[in-house]
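Listing of final.cif, mmCIF, C-alpha atoms
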data_upload
#
loop_
_atom_site.label_atom_id
_atom_site.label_comp_id
_atom_site.auth_asym_id
_atom_site.auth_seq_id
_atom_site.Cartn_x
_atom_site.Cartn_y
_atom_site.Cartn_z
CA MET B 191 0.00 0.00 0.00
CA SER B 192 1.25 3.50 -0.75
CA VAL B 193 0.17 7.08 -0.37
CA VAL B 194 0.61 10.04 -2.68
CA ALA B 195 2.13 13.26 -1.36
CA ARG B 196 3.19 16.24 -3.46
CA ASN B 197 2.74 14.25 -6.67
CA VAL B 198 5.29 11.67 -5.49
CA THR B 199 4.34 8.06 -4.83
CA VAL B 200 5.59 7.29 -1.33
CA CYS B 201 5.99 3.67 -0.29
CA SER B 202 5.11 2.17 3.07
CA PRO B 203 7.91 1.22 5.47
CA LEU B 204 9.92 -1.76 4.29
CA PRO B 205 9.55 -4.79 6.60
CA VAL B 206 12.53 -5.08 8.94
CA LEU B 207 13.57 -7.57 11.60
CA GLY B 208 12.60 -6.62 15.12
CA SER B 209 9.71 -4.36 14.13
CA GLY B 210 7.42 -6.03 16.68
CA VAL B 211 9.92 -6.64 19.48
CA GLU B 212 8.68 -5.62 22.92
CA VAL B 213 11.08 -4.20 25.50
CA PRO B 214 10.63 -3.64 29.25
CA LEU B 215 10.30 -0.16 30.72
CA VAL B 216 11.68 0.75 34.12
CA SER B 217 8.08 0.84 35.35
CA GLY B 218 7.68 -2.88 34.58
CA GLU B 219 5.45 -2.38 31.54
CA LYS B 220 6.38 -3.53 28.04
CA VAL B 221 6.13 -1.54 24.81
CA THR B 222 7.03 -2.09 21.17
CA TYR B 223 10.59 -0.90 20.67
CA ALA B 224 11.05 2.26 18.59
CA ALA B 225 14.42 1.87 16.86
CA LEU B 226 15.70 5.35 16.07
CA ASP B 227 19.41 4.62 15.89
CA TYR B 228 19.69 3.66 12.20
CA ALA B 229 22.85 5.76 11.73
CA ALA B 230 24.75 3.33 13.96
CA SER B 231 23.19 0.11 12.60
CA ALA B 232 20.00 -0.16 10.62
CA PRO B 233 17.82 -3.22 11.27
CA ALA B 234 18.16 -5.90 8.63
CA LEU B 235 15.43 -5.98 6.02
CA GLN B 236 13.17 -9.02 6.31
CA ARG B 237 13.84 -9.62 2.60
CA VAL B 238 17.58 -9.78 3.27
CA TRP B 239 17.15 -12.18 6.17
CA ASP B 240 14.88 -14.43 4.09
CA ASP B 241 17.37 -14.49 1.21
CA VAL B 242 20.24 -15.41 3.54
CA ALA B 243 18.15 -18.13 5.22
CA ALA B 244 17.22 -19.60 1.82
CA TYR B 245 20.88 -19.79 0.82
CA ALA B 246 22.22 -21.10 4.15
CA PRO B 247 21.58 -24.85 3.45
CA TYR B 248 23.64 -24.50 0.26
CA TYR B 249 26.59 -22.84 1.97
CA GLY B 250 29.93 -24.05 0.65
CA SER B 251 33.57 -23.05 0.22
CA VAL B 252 34.24 -20.30 -2.29
CA HIS B 253 36.60 -20.46 -5.30
CA ARG B 254 38.40 -23.50 -6.63
CA GLY B 255 36.03 -26.04 -5.05
CA ALA B 256 34.89 -28.84 -7.36
CA GLY B 257 31.70 -29.66 -5.49
CA TYR B 258 28.27 -28.39 -6.43
CA LEU B 259 27.77 -26.30 -3.27
CA SER B 260 31.19 -24.73 -3.70
CA GLN B 261 30.41 -23.79 -7.29
CA LEU B 262 27.01 -22.43 -6.27
CA SER B 263 28.55 -20.33 -3.49
CA THR B 264 31.26 -19.03 -5.80
CA ASP B 265 28.65 -17.98 -8.37
CA LEU B 266 26.61 -16.33 -5.64
CA PHE B 267 29.64 -14.43 -4.37
CA GLU B 268 30.57 -13.11 -7.81
CA GLN B 269 26.95 -12.32 -8.69
CA SER B 270 26.82 -10.28 -5.49
CA ARG B 271 29.81 -8.29 -6.71
CA ALA B 272 27.99 -7.55 -9.97
CA THR B 273 24.83 -6.51 -8.11
CA VAL B 274 26.78 -4.02 -5.99
CA ALA B 275 28.48 -2.64 -9.10
CA GLU B 276 25.07 -2.05 -10.69
CA PHE B 277 23.69 -0.47 -7.50
CA LEU B 278 26.59 2.01 -7.42
CA ASP B 279 26.50 2.64 -11.19
CA LEU B 280 30.20 1.86 -11.49
CA ARG B 281 32.31 2.45 -14.59
CA GLU B 282 33.25 -0.54 -16.74
CA ASP B 283 36.80 -0.87 -15.39
CA ASP B 284 35.94 -0.30 -11.71
CA GLN B 285 36.36 -3.01 -9.08
CA VAL B 286 34.22 -4.09 -6.13
CA VAL B 287 36.25 -5.33 -3.16
CA PHE B 288 34.34 -6.85 -0.25
CA THR B 289 35.61 -5.74 3.16
CA ARG B 290 34.37 -5.81 6.76
CA ALA B 291 32.86 -2.29 6.85
CA THR B 292 33.51 1.33 5.83
CA THR B 293 36.36 1.59 8.36
CA ASP B 294 38.03 -1.47 6.86
CA SER B 295 37.48 -0.15 3.32
CA LEU B 296 39.17 3.18 4.02
CA ASN B 297 42.05 1.52 5.86
CA LEU B 298 42.50 -0.73 2.83
CA LEU B 299 42.61 2.32 0.57
CA ALA B 300 45.06 4.08 2.89
CA GLY B 301 47.37 1.08 2.59
CA VAL B 302 47.50 1.16 -1.22
CA LEU B 303 48.17 4.87 -1.72
CA PRO B 304 51.38 5.61 -3.61
CA SER B 305 54.31 6.81 -1.54
CA GLY B 306 54.19 10.54 -0.95
CA THR B 307 50.43 10.87 -1.40
CA ARG B 308 48.95 13.91 0.33
CA VAL B 309 45.53 13.34 1.88
CA PHE B 310 42.92 16.05 2.42
CA ALA B 311 39.95 15.58 4.75
CA PHE B 312 37.62 17.96 6.53
CA GLU B 313 37.64 17.78 10.32
CA THR B 314 33.92 17.07 10.06
CA GLU B 315 34.52 13.47 8.93
CA HIS B 316 33.56 10.36 10.87
CA HIS B 317 36.59 8.77 12.52
CA ALA B 318 36.44 5.99 9.90
CA SER B 319 37.49 8.51 7.25
CA LEU B 320 39.44 10.84 9.54
CA LEU B 321 41.91 8.43 11.13
CA PRO B 322 43.19 5.80 8.63
CA TRP B 323 45.72 8.13 6.95
CA PRO B 324 48.30 9.18 9.62
CA GLY B 325 51.16 6.86 10.50
CA ARG B 326 51.57 5.48 6.98
CA GLY B 327 54.15 7.95 5.70
CA LEU B 328 51.37 10.11 4.26
CA GLU B 329 51.05 13.85 4.69
CA VAL B 330 47.54 14.64 5.95
CA ALA B 331 45.84 18.05 5.81
CA TYR B 332 42.72 18.44 7.94
CA LEU B 333 40.52 21.26 6.69
CA ARG B 334 38.40 23.25 9.14
CA ALA B 335 34.66 22.69 9.32
CA PRO B 336 32.96 24.70 6.54
CA ARG B 337 29.73 26.53 7.24
CA SER B 338 28.27 26.19 3.75
CA PRO B 339 28.72 23.94 0.71
CA HIS B 340 30.31 26.87 -1.14
CA GLU B 341 32.82 27.32 1.68
CA ALA B 342 33.67 23.61 1.55
CA VAL B 343 34.38 23.74 -2.18
CA ALA B 344 36.41 26.95 -1.86
CA ALA B 345 38.45 25.58 1.05
CA LEU B 346 39.34 22.41 -0.86
CA ASP B 347 40.23 24.43 -3.96
CA ALA B 348 42.59 26.62 -1.92
CA ALA B 349 44.20 23.65 -0.18
CA LEU B 350 44.81 21.77 -3.42
CA THR B 351 46.12 24.89 -5.14
CA ALA B 352 48.77 25.21 -2.43
CA ALA B 353 49.61 21.50 -2.48
CA GLY B 354 51.70 21.41 -5.61
CA GLU B 355 52.53 18.30 -7.62
CA GLY B 356 52.42 14.65 -6.58
CA PRO B 357 49.63 12.16 -5.85
CA LYS B 358 46.75 13.57 -3.82
CA LEU B 359 43.60 12.07 -2.33
CA VAL B 360 40.51 13.84 -1.01
CA CYS B 361 38.27 11.99 1.45
CA VAL B 362 34.75 13.32 1.97
CA THR B 363 31.51 12.12 3.48
CA GLY B 364 28.33 11.95 1.44
CA ALA B 365 26.05 12.69 4.39
CA SER B 366 27.12 13.59 7.91
CA ASN B 367 26.53 10.97 10.58
CA VAL B 368 25.93 13.83 13.05
CA THR B 369 23.74 16.33 11.22
CA GLY B 370 22.51 14.21 8.30
CA GLU B 371 23.41 17.07 5.96
CA ILE B 372 24.27 16.09 2.38
CA TRP B 373 27.64 17.29 1.15
CA PRO B 374 28.39 18.75 -2.33
CA VAL B 375 30.19 15.63 -3.49
CA ALA B 376 30.06 16.25 -7.26
CA GLU B 377 31.39 19.79 -6.84
CA LEU B 378 34.20 18.61 -4.57
CA ALA B 379 35.07 15.84 -7.05
CA ALA B 380 35.27 18.38 -9.87
CA VAL B 381 37.68 20.54 -7.84
CA ALA B 382 39.76 17.52 -6.87
CA HIS B 383 40.12 16.36 -10.47
CA ALA B 384 40.90 19.88 -11.70
CA HIS B 385 43.96 19.75 -9.45
CA GLY B 386 44.95 16.22 -10.42
CA ALA B 387 43.72 14.73 -7.15
CA ARG B 388 41.56 11.67 -6.61
CA ILE B 389 38.58 11.48 -4.29
CA VAL B 390 37.01 8.77 -2.15
CA LEU B 391 33.41 9.04 -0.97
CA ASP B 392 32.43 7.77 2.47
CA ALA B 393 28.87 6.75 1.61
CA ALA B 394 28.10 4.93 4.86
CA GLN B 395 25.26 7.34 5.68
CA LEU B 396 24.35 8.34 2.12
CA ALA B 397 23.88 4.97 0.40
CA PRO B 398 21.02 3.73 2.67
CA HIS B 399 18.99 6.88 2.00
CA HIS B 400 19.93 8.25 -1.39
CA ARG B 401 20.92 7.04 -4.86
CA VAL B 402 24.72 6.90 -5.25
CA SER B 403 26.05 6.97 -8.82
CA VAL B 404 29.82 6.80 -9.09
CA ARG B 405 29.54 7.90 -12.73
CA GLU B 406 27.44 10.97 -12.01
CA LEU B 407 29.30 12.05 -8.89
CA ASP B 408 32.59 11.30 -10.69
CA VAL B 409 34.31 10.00 -7.57
CA ASP B 410 37.23 7.61 -7.81
CA TRP B 411 36.17 5.30 -4.98
CA VAL B 412 33.19 4.78 -2.73
CA ALA B 413 33.05 2.97 0.61
CA PHE B 414 30.04 1.83 2.64
CA SER B 415 28.94 -0.70 5.27
CA GLY B 416 26.37 -3.46 5.01
CA HIS B 417 25.11 -2.94 8.55
CA LYS B 418 23.94 0.57 7.66
CA LEU B 419 22.37 -0.64 4.41
CA TYR B 420 19.86 -2.97 6.13
CA ALA B 421 22.14 -6.04 5.99
CA PRO B 422 23.61 -7.91 8.97
CA PHE B 423 26.96 -6.99 10.51
CA GLY B 424 30.35 -7.92 9.15
CA ALA B 425 30.62 -6.87 5.51
CA GLY B 426 31.38 -3.71 3.57
CA VAL B 427 32.49 -2.47 0.18
CA LEU B 428 35.31 -0.50 -1.39
CA ALA B 429 34.54 0.12 -5.06
CA GLY B 430 36.20 2.17 -7.75
CA ARG B 431 39.38 2.58 -9.77
CA ALA B 432 41.58 -0.48 -10.08
CA ASP B 433 45.05 0.91 -10.82
CA TRP B 434 46.27 1.84 -7.32
CA LEU B 435 44.66 -1.30 -5.92
CA ASP B 436 46.43 -3.53 -8.46
CA GLU B 437 49.79 -1.81 -8.06
CA ALA B 438 49.97 -2.06 -4.27
CA GLU B 439 50.90 -4.94 -2.01
CA PRO B 440 47.85 -6.92 -0.86
CA TYR B 441 45.96 -5.53 2.11
CA LEU B 442 46.20 -9.01 3.69
CA ALA B 443 48.78 -11.59 2.69
CA GLY B 444 47.44 -15.12 2.36
CA GLY B 445 45.55 -17.65 0.32
CA GLY B 446 43.17 -16.26 -2.25
CA ALA B 447 45.29 -13.14 -2.77
CA SER B 448 48.19 -15.22 -4.10
CA ARG B 449 48.19 -16.59 -7.64
CA THR B 450 51.32 -18.72 -7.28
CA VAL B 451 53.77 -19.37 -4.46
CA ALA B 452 57.13 -21.09 -5.13
CA ARG B 453 60.06 -22.04 -2.92
CA LYS B 454 63.30 -20.23 -3.82
CA THR B 455 66.78 -21.70 -3.57
CA ASP B 456 67.66 -19.35 -0.69
CA GLY B 457 64.83 -20.79 1.41
CA SER B 458 62.40 -17.92 0.91
CA VAL B 459 59.27 -17.96 -1.24
CA ALA B 460 58.41 -16.10 -4.42
CA VAL B 461 54.83 -14.90 -4.65
CA GLU B 462 52.81 -13.73 -7.62
CA TRP B 463 49.74 -11.86 -6.39
CA HIS B 464 46.40 -11.78 -8.15
CA ARG B 465 45.20 -8.65 -9.84
CA GLY B 466 41.61 -7.54 -9.37
CA PRO B 467 39.45 -7.81 -6.24
CA ALA B 468 40.99 -11.11 -5.11
CA ARG B 469 44.27 -9.28 -4.46
CA HIS B 470 42.74 -7.66 -1.38
CA GLU B 471 40.34 -10.42 -0.30
CA ALA B 472 42.76 -12.95 1.19
CA GLY B 473 41.36 -15.82 3.22
CA SER B 474 37.92 -17.38 3.03
CA PRO B 475 35.54 -14.60 2.02
CA ASN B 476 32.39 -13.63 3.88
CA VAL B 477 30.00 -15.02 1.30
CA ILE B 478 26.89 -14.52 3.41
CA GLY B 479 27.91 -10.94 4.17
CA ALA B 480 28.45 -10.17 0.48
CA TYR B 481 25.17 -11.84 -0.47
CA ALA B 482 23.32 -9.92 2.24
CA ILE B 483 24.65 -6.61 0.89
CA ALA B 484 23.61 -7.58 -2.63
CA SER B 485 20.16 -8.58 -1.38
CA ALA B 486 19.79 -5.19 0.33
CA CYS B 487 20.86 -3.41 -2.86
CA ARG B 488 18.22 -5.31 -4.85
CA ALA B 489 15.51 -4.67 -2.25
CA LEU B 490 16.19 -0.92 -2.16
CA ALA B 491 16.32 -0.68 -5.94
CA GLU B 492 13.07 -2.62 -6.35
CA ALA B 493 11.29 -0.52 -3.72
CA GLY B 494 12.43 2.58 -5.59
CA LEU B 495 15.13 4.77 -4.08
CA ASP B 496 13.29 7.92 -5.16
CA SER B 497 10.13 6.75 -3.42
CA LEU B 498 12.04 5.78 -0.27
CA HIS B 499 13.78 9.15 -0.29
CA ALA B 500 10.48 11.00 -0.68
CA ARG B 501 8.96 9.13 2.27
CA GLU B 502 12.01 9.83 4.40
CA GLN B 503 11.78 13.55 3.60
CA LEU B 504 8.22 13.57 4.96
CA LEU B 505 9.49 12.00 8.19
CA ILE B 506 12.31 14.55 8.38
CA GLU B 507 9.86 17.41 7.97
CA ARG B 508 7.61 15.88 10.64
CA LEU B 509 10.56 15.53 13.04
CA ARG B 510 11.95 19.00 12.47
CA ALA B 511 8.56 20.64 12.81
CA GLY B 512 7.92 18.81 16.07
CA LEU B 513 11.28 19.71 17.58
CA ALA B 514 10.87 23.33 16.50
CA GLU B 515 7.87 23.53 18.83
CA VAL B 516 10.12 22.82 21.84
CA PRO B 517 12.15 26.00 22.56
CA GLU B 518 14.60 24.12 24.79
CA VAL B 519 15.78 21.95 21.87
CA ARG B 520 18.68 23.13 19.69
CA VAL B 521 19.27 21.15 16.49
CA LEU B 522 22.91 20.92 15.39
CA THR B 523 23.74 22.02 11.86
CA LEU B 524 26.71 23.08 9.75
CA PHE B 525 24.97 24.33 6.63
CA GLY B 526 21.72 25.68 8.08
CA GLU B 527 18.46 24.08 9.14
CA ASP B 528 16.99 24.10 5.63
CA HIS B 529 19.91 22.30 3.99
CA PRO B 530 18.99 18.88 2.48
CA ARG B 531 19.66 15.97 4.81
CA VAL B 532 19.11 12.26 5.21
CA GLY B 533 17.25 10.78 8.19
CA VAL B 534 19.85 11.77 10.78
CA LEU B 535 19.48 14.66 13.24
CA SER B 536 21.38 15.59 16.42
CA PHE B 537 20.35 18.01 19.11
CA VAL B 538 20.85 19.16 22.69
CA VAL B 539 18.22 20.08 25.26
CA GLN B 540 18.65 23.08 27.52
CA GLY B 541 18.92 22.01 31.16
CA TRP B 542 19.59 18.37 30.31
CA ASN B 543 22.68 16.25 30.02
CA SER B 544 22.30 14.34 26.75
CA SER B 545 23.18 10.97 28.30
CA HIS B 546 20.45 11.45 30.89
CA PHE B 547 17.91 12.44 28.23
CA ALA B 548 18.72 9.46 26.00
CA ALA B 549 18.58 7.08 28.98
CA ALA B 550 15.14 8.41 29.93
CA LEU B 551 13.87 7.93 26.36
CA SER B 552 14.90 4.29 26.56
CA ALA B 553 13.93 3.42 30.13
CA GLU B 554 10.63 5.30 30.29
CA TYR B 555 9.42 5.19 26.66
CA GLY B 556 11.15 2.26 24.92
CA ILE B 557 12.79 4.56 22.36
CA GLY B 558 16.35 3.83 21.23
CA VAL B 559 18.50 6.82 20.23
CA ARG B 560 22.22 7.53 20.66
CA ASP B 561 24.10 10.02 22.82
CA GLY B 562 27.72 11.13 22.88
CA LEU B 563 30.08 12.43 20.19
CA PHE B 564 29.17 9.81 17.55
CA CYS B 565 32.73 8.92 16.45
CA ALA B 566 32.97 12.43 15.02
CA HIS B 567 34.49 14.25 17.99
CA PRO B 568 35.95 17.31 16.20
CA LEU B 569 32.65 17.97 14.41
CA VAL B 570 30.45 17.70 17.51
CA ARG B 571 32.82 19.91 19.49
CA THR B 572 32.62 22.50 16.71
CA LEU B 573 28.83 22.34 16.58
CA LEU B 574 28.49 22.65 20.35
CA GLY B 575 30.95 25.50 20.42
CA GLY B 576 32.60 24.21 23.59
CA GLU B 577 29.44 24.72 25.63
CA GLU B 578 28.68 22.18 28.32
CA THR B 579 25.27 20.61 28.50
CA ALA B 580 23.72 20.37 31.95
CA PRO B 581 25.17 17.63 34.15
CA GLY B 582 21.76 16.09 34.84
CA GLU B 583 21.06 13.55 37.55
CA CYS B 584 23.56 10.97 36.36
CA GLY B 585 26.51 13.08 35.30
CA ALA B 586 28.16 12.79 31.91
CA PRO B 587 30.82 10.83 30.03
CA GLU B 588 34.39 10.89 31.27
CA PRO B 589 36.18 14.08 30.13
CA SER B 590 38.39 13.82 27.05
CA LEU B 591 39.46 17.44 26.87
CA PRO B 592 39.61 20.20 29.48
CA GLY B 593 36.23 21.88 29.94
CA GLU B 594 34.26 19.10 28.26
CA ARG B 595 32.85 17.27 31.26
CA SER B 596 29.37 17.33 29.77
CA LEU B 597 30.05 17.88 26.08
CA ASN B 598 27.72 15.47 24.28
CA ALA B 599 24.57 15.42 22.16
CA ILE B 600 21.59 13.24 21.27
CA ARG B 601 21.13 11.70 17.82
CA VAL B 602 17.91 10.40 16.33
CA SER B 603 18.09 8.53 13.02
CA PHE B 604 15.68 6.51 10.90
CA GLY B 605 15.18 5.05 7.45
CA ALA B 606 13.24 2.74 5.17
CA GLY B 607 11.79 0.63 8.00
CA THR B 608 10.67 3.44 10.30
CA PRO B 609 6.90 3.88 10.76
CA GLU B 610 5.47 7.36 11.31
CA GLU B 611 4.27 6.25 14.73
CA HIS B 612 7.86 5.95 15.98
CA VAL B 613 8.61 9.56 15.07
CA ASP B 614 5.39 10.66 16.74
CA ARG B 615 6.21 8.66 19.89
CA PHE B 616 9.63 10.23 20.00
CA LEU B 617 8.27 13.78 19.69
CA ALA B 618 5.65 13.14 22.37
CA ALA B 619 8.35 11.79 24.70
CA VAL B 620 10.59 14.81 24.08
CA ARG B 621 7.74 17.19 24.90
CA GLU B 622 6.88 15.28 28.06
CA LEU B 623 10.46 15.01 29.33
CA VAL B 624 11.17 18.68 28.68
CA GLY B 625 7.88 19.78 30.20
CA ASN B 626 7.67 17.47 33.21
CA GLY B 627 11.13 16.02 33.70
CA SER B 628 11.95 12.33 33.98
CA ALA B 629 9.72 10.19 36.17
CA TRP B 630 12.70 8.25 37.48
CA SER B 631 16.03 9.07 39.05
CA TYR B 632 19.23 8.05 37.24
CA ARG B 633 22.84 7.30 38.11
CA THR B 634 26.08 6.49 36.31
CA GLU B 635 27.01 2.82 36.09
CA GLY B 636 29.78 1.42 33.92
CA GLY B 637 30.08 4.71 32.07
CA ARG B 638 26.38 4.74 31.14
CA CYS B 639 23.41 6.60 32.56
CA VAL B 640 20.89 4.07 33.93
CA PRO B 641 17.70 4.19 36.02
CA ASP B 642 18.37 4.00 39.73
CA THR B 643 16.32 0.98 40.80
CA ARG B 644 17.86 0.72 44.27
CA ARG B 645 14.62 1.35 46.15
#

Output the file's structure as structure tokens, nothing else.
Amino acid sequence: MSVVARNVTVCSPLPVLGSGVEVPLVSGEKVTYAALDYAASAPALQRVWDDVAAYAPYYGSVHRGAGYLSQLSTDLFEQSRATVAEFLDLREDDQVVFTRATTDSLNLLAGVLPSGTRVFAFETEHHASLLPWPGRGLEVAYLRAPRSPHEAVAALDAALTAAGEGPKLVCVTGASNVTGEIWPVAELAAVAHAHGARIVLDAAQLAPHHRVSVRELDVDWVAFSGHKLYAPFGAGVLAGRADWLDEAEPYLAGGGASRTVARKTDGSVAVEWHRGPARHEAGSPNVIGAYAIASACRALAEAGLDSLHAREQLLIERLRAGLAEVPEVRVLTLFGEDHPRVGVLSFVVQGWNSSHFAAALSAEYGIGVRDGLFCAHPLVRTLLGGEETAPGECGAPEPSLPGERSLNAIRVSFGAGTPEEHVDRFLAAVRELVGNGSAWSYRTEGGRCVPDTRR
């Protein structure tokens, strides 16, 4: 069943695992869990789970096996690679390498960069795309947080102009995991290429919500995680240009990456490494993980990414309008509240410590959000401007920098499986907590804010 809004056909929520799970409240009651932490890990689509379960009895070793199940699994693995390539609209010569997640993908890429490569990344990046580059003999330039897309493009242009000759790589997010704001990827790619640089897109937050075309964006590589794309944990993708991947030493040395291994007269071994994706997929591959990602890609494509995006925009508008009615809530943004975003939004509440607020949403309402700095510490510190949120009844995370005893925020995120009712429940809970306070007292235990049940 679907509804029509603004001349766009908007689909119903896609069925996801756990949609009917009941969780206990601190009061002893049970409610249906409202999962609003998709930016960390989206629930697996029921379609993906069913596909994996249907394949499981036919599970077999991949590559070089003579048996039927081995051949079937090998075909499935390689078909999954082709499905991902189609989903990303790759160029003919591009490769798809299966990894463990976005973090693994970007560390792989960092390991194959030519000697002397200069890397450019905005301080607004997730740690997965902020941290892989140092310590590898690479020169890294961290650009300050821009306050508009135009400023981002201009800052990169200036940095690359001053960089001079030699290999250069730009790393940029497609959508912020803190604000949900969509970055000007195509414009940044054009600037990078004008200066002879290459660019990798961290699409961990963009791909689950928005069409990603490598051809149209003109990026050199794209990385994303299965567990954010409605597939189970443990698999990811690095896709794009093959030359630097084929010229570098394998990411992992071992079987599968090696084409031939021969004993030399001096007692050592001579190795000829594969070219292509196998070069960086040593060991027994995660066939189920790759197949789950491919299944998610097919499910999203068949549901219609434009339709899913349109539905998500309605939820975003509903959320923003509801939060705007609560004066104590401040939504965090780099590019302005009206800038396009995916279903990710972070905020702070005047008079509340964010850990306390998030704990109350869970314990008293059965709503799962996230609190903290979201593995994007420099960005959240910039957005909060160094201000401390209120300590609340249960304190705050351990300090990491002077003056940041209570520096944290709350993040709500959703996607293709989120019903409108969950957004409405969340908004009602926010209004009630801000207006009346929490109904329970809280304390810090094991670094987390929890209800104090010692009565």

statement: Correct to one decimal, the distance atom CA of B:Ala382-atom CA of B:Trp411 is 12.9 Å

statement: note - atom CA of B:Pro205 and atom CA of B:Pro422 are separated by 14.6 Å

field: Output of the PyMOL selection byres ((chain B and resi 480) around 8), listed as an NGL selection string
entry: :B and (267 or 270-271 or 288 or 425-426 or 476-479 or 481-484)

- request: Quick one: apply the PyMOL selection byres ((chain B and resi 530) around 8) to the file and drop the selected residues here as a PyMOL selection string.
  value: chain B and resi 371-372+528-529+531-532

message: Calculated over only C-alpha atoms, which of the candidates B:Val211, B:Ala393, B:Leu204, B:Leu623 has the smallest distance to B:Gly416?
response: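 Using only C-alpha atoms, the shortest distance to B:Gly416 belongs to B:Ala393.
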
query: So, counting all atoms listed in the file, which residue among B:Ala224, B:Gly218, B:Gln540, B:Arg254 is closest to B:Asp614?
result: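 Ranking B:Ala224, B:Gly218, B:Gln540, B:Arg254 by distance to B:Asp614, first place goes to B:Ala224.
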
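Using all atoms listed in the file, the contacts of B:His417 at a cut-off of 12 Å, with sequence neighbours closer than 6 positions omitted, comprise Asp227, Tyr228, Ala229, Ala230, Ser231, Ala232, Pro233, Ala234, Leu235, Val238, Arg290, Ala291, Thr292, Ala394, Gln395, Ala397, Pro398, Phe423, Gly424, Ala425, Gly426, Val427, Gly479, Ala480, Ala482, Ile483 and Ala486 of chain B.
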
task: Please provide the set of residues having any atom within 12 Å of B:Gly607, restricted to all atoms listed in the file, with same-chain residues fewer than 2 positions apart removed, written as a ChimeraX atom specification.
output: /B:201-210,224-228,232-237,398-399,419-420,490,493,498,501-502,505,533,603-605,609-613

Taking the block above, write stretch 438-449 of chain B with N, CA, C and O atoms as a PDB file, in the first residue's frame.
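Heads up, here's the output in part_28.pdb:
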ATOM      1  N   ALA B 438      49.503  -2.015  -5.654  1.00  0.00           N
ATOM      2  CA  ALA B 438      49.969  -2.063  -4.266  1.00  0.00           C
ATOM      3  C   ALA B 438      50.093  -3.491  -3.769  1.00  0.00           C
ATOM      4  O   ALA B 438      49.534  -4.435  -4.347  1.00  0.00           O
ATOM      5  N   GLU B 439      50.842  -3.658  -2.688  1.00  0.00           N
ATOM      6  CA  GLU B 439      50.895  -4.942  -2.013  1.00  0.00           C
ATOM      7  C   GLU B 439      49.501  -5.278  -1.477  1.00  0.00           C
ATOM      8  O   GLU B 439      48.718  -4.385  -1.149  1.00  0.00           O
ATOM      9  N   PRO B 440      49.170  -6.554  -1.375  1.00  0.00           N
ATOM     10  CA  PRO B 440      47.846  -6.924  -0.863  1.00  0.00           C
ATOM     11  C   PRO B 440      47.601  -6.363   0.534  1.00  0.00           C
ATOM     12  O   PRO B 440      48.533  -6.252   1.341  1.00  0.00           O
ATOM     13  N   TYR B 441      46.358  -6.028   0.793  1.00  0.00           N
ATOM     14  CA  TYR B 441      45.961  -5.532   2.111  1.00  0.00           C
ATOM     15  C   TYR B 441      46.231  -6.592   3.175  1.00  0.00           C
ATOM     16  O   TYR B 441      46.720  -6.303   4.261  1.00  0.00           O
ATOM     17  N   LEU B 442      45.895  -7.849   2.846  1.00  0.00           N
ATOM     18  CA  LEU B 442      46.199  -9.007   3.691  1.00  0.00           C
ATOM     19  C   LEU B 442      46.956 -10.019   2.848  1.00  0.00           C
ATOM     20  O   LEU B 442      46.567 -10.286   1.709  1.00  0.00           O
ATOM     21  N   ALA B 443      48.020 -10.580   3.407  1.00  0.00           N
ATOM     22  CA  ALA B 443      48.776 -11.594   2.686  1.00  0.00           C
ATOM     23  C   ALA B 443      48.255 -12.970   3.059  1.00  0.00           C
ATOM     24  O   ALA B 443      48.116 -13.288   4.246  1.00  0.00           O
ATOM     25  N   GLY B 444      47.942 -13.789   2.052  1.00  0.00           N
ATOM     26  CA  GLY B 444      47.440 -15.119   2.358  1.00  0.00           C
ATOM     27  C   GLY B 444      46.816 -15.768   1.151  1.00  0.00           C
ATOM     28  O   GLY B 444      46.849 -15.245   0.029  1.00  0.00           O
ATOM     29  N   GLY B 445      46.213 -16.920   1.388  1.00  0.00           N
ATOM     30  CA  GLY B 445      45.550 -17.650   0.325  1.00  0.00           C
ATOM     31  C   GLY B 445      44.402 -16.852  -0.260  1.00  0.00           C
ATOM     32  O   GLY B 445      43.722 -16.111   0.438  1.00  0.00           O
ATOM     33  N   GLY B 446      44.199 -17.013  -1.551  1.00  0.00           N
ATOM     34  CA  GLY B 446      43.166 -16.260  -2.252  1.00  0.00           C
ATOM     35  C   GLY B 446      43.729 -15.018  -2.900  1.00  0.00           C
ATOM     36  O   GLY B 446      43.376 -14.679  -4.024  1.00  0.00           O
ATOM     37  N   ALA B 447      44.633 -14.315  -2.193  1.00  0.00           N
ATOM     38  CA  ALA B 447      45.291 -13.143  -2.770  1.00  0.00           C
ATOM     39  C   ALA B 447      46.469 -13.563  -3.645  1.00  0.00           C
ATOM     40  O   ALA B 447      46.881 -12.826  -4.542  1.00  0.00           O
ATOM     41  N   SER B 448      47.012 -14.746  -3.377  1.00  0.00           N
ATOM     42  CA  SER B 448      48.191 -15.218  -4.101  1.00  0.00           C
ATOM     43  C   SER B 448      47.788 -16.070  -5.299  1.00  0.00           C
ATOM     44  O   SER B 448      46.930 -16.938  -5.204  1.00  0.00           O
ATOM     45  N   ARG B 449      48.442 -15.791  -6.437  1.00  0.00           N
ATOM     46  CA  ARG B 449      48.185 -16.589  -7.645  1.00  0.00           C
ATOM     47  C   ARG B 449      49.084 -17.807  -7.672  1.00  0.00           C
ATOM     48  O   ARG B 449      48.636 -18.929  -7.925  1.00  0.00           O
TER      49      ARG B 449
END
